[in-house]
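Q: My structure is below; once you've seen it, I'll send some questions.
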Amino acid sequence: MDVQVPIETLPKSVLAKIFHFLDSIASFHDLSLVSKQFNRVTQDSSYWHNFKLGSFHQQRPSRQSAMLLQKATMVEMVTICFNNNLEDEDLEFIQAVCSKPQIRYLKLVELRIPMGFAENMAGWIRHHKSLQVLQLEDMQISDDALRKLADAVKVNHSIEIIRLRENKMSPDGLLPWIDILSSPKSSLTELYIQGSVLSVEVTKALGEALANNDKLKMLSLRSCFLNSNHINAFMPGIERNSSLRWLSFYGNNINSQAADAICEGLSEHPTITYFNIYGNRINDEGA
């Protein structure tokens, strides 16, 4: 006999004991669904990294966890994290992800992206109109695959936040992503780039895109090995921007002279209220 209990009526302490292999619990309309799957899923508990309210975090999926994800009714955030090559069951899990129309946050971590996978994922991103946040982290990805994903993001105007962290790509690999900012239909309000070596051409293109962009509010270029050449290429565009409120150059190779140029260029910016240049090579006389 199935017993249906509204999950919001259960104390957190009870949930923690029942789902001892989870960090937290996902929202379901019907707790009996979890009861039916519980014995099978606990056998694969080593595959679960984290499991949050309305969220699935996967270290490596299994057939059972893919089945559970397919039936979950309120999942809004999904993390796909594989630290080795994609296998058939991995693709089954990805297909389960793609079947969820309500997903708002997709995070891809430690993936080695072949072109075929990039094309499939690009097709899903292109048509998934509920997606608001896309994060790519610690990925091994070619410029061609990056371009496929960027082209998909460019035509999906529901995406508001992009986080690109510690990805292994060429210095020019982000040029197609910068082009997203040039689209008048872009809804992008936050762009975070961290731990990737950027070419001077990328920072120049970013500045030029921001010169005419009126949507982006937050920009972080953290630990991107930026130096004075990057700053000189970037600043002419940012000085003409009129929407950015939050700007961070944390942890780069910016010297005192470049820091002074940034401060001078931003001194009359109409909207920036937060600026972070901590962790750079600035002496006491700089900035």
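In the structure tokens, each chain is lettered A, B, ... as it comes, each chain's residues begin at 1, and ligands are numbered from 1 in order of appearance.
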Extract, using only C-alpha atoms, all DNA, RNA and protein residues at most 7 Å from range 133-148 of chain A, discarding same-chain residues fewer than 5 positions from it, and format them as a list in words.
A: Arg104, Tyr105, Leu106, Lys107, Leu108, Val109, Glu110, Leu111, Arg112, Ile113, Met115, Ala118, Glu119, Ala122, Ile159, Glu160, Ile161, Ile162, Arg163, Leu164, Arg165, Glu166, Asn167, Lys168, Met169, Ser170, Gly173 and Pro176 of chain A
Q: In range 56-269 of chain A, what's strand (DSSP E) per DSSP? Answer as JSON, numbers by chain?
A: {"A": [56, 57, 58, 77, 78, 79, 80, 81, 105, 106, 107, 108, 109, 112, 113, 133, 134, 135, 136, 137, 140, 141, 161, 162, 163, 164, 165, 190, 191, 192, 193, 194, 218, 219, 220, 221, 222, 246, 247, 248]}
Q: If you measure from CA of Gln257 in chain A to CA of Asp179 in chain A, what distance in Å do you get, rounded to one decimal?
A: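 Result for CA of Gln257 in chain A versus CA of Asp179 in chain A: 29.0 Å, one decimal.
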Q: For Phe275 in chain A, please output as JSON, numbers by chain all residues within 7 Å (counting only C-alpha atoms; exclusion window: fewer than 6 positions along the same chain).
A: {"A": [246, 247, 248]}
Q: From the set A:Asn253, A:Ser158, A:Asn232, A:Ser243, which residue has the shortest atom-to-atom contact distance to Tyr278 in chain A, counting only C-alpha atoms?
A: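 The answer is A:Asn253, which sits nearest to Tyr278 in chain A.
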Q: One decimal, Å: what's the distance from CA of Val153 in chain A over to CA of Arg126 in chain A, could you say?
A: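 The value is 6.2 Å.
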Q: Tell me which of A:Tyr274, A:Phe234, A:Tyr192, A:Phe117 sits closest to Leu219 in chain A, counting only C-alpha atoms.
A: A:Tyr192
Q: To one decimal in Å, tell me the separation between CA of Lys129 in chain A and CA of His157 in chain A.
A: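 Computed distance, CA of Lys129 in chain A to CA of His157 in chain A, equals 7.7 Å.
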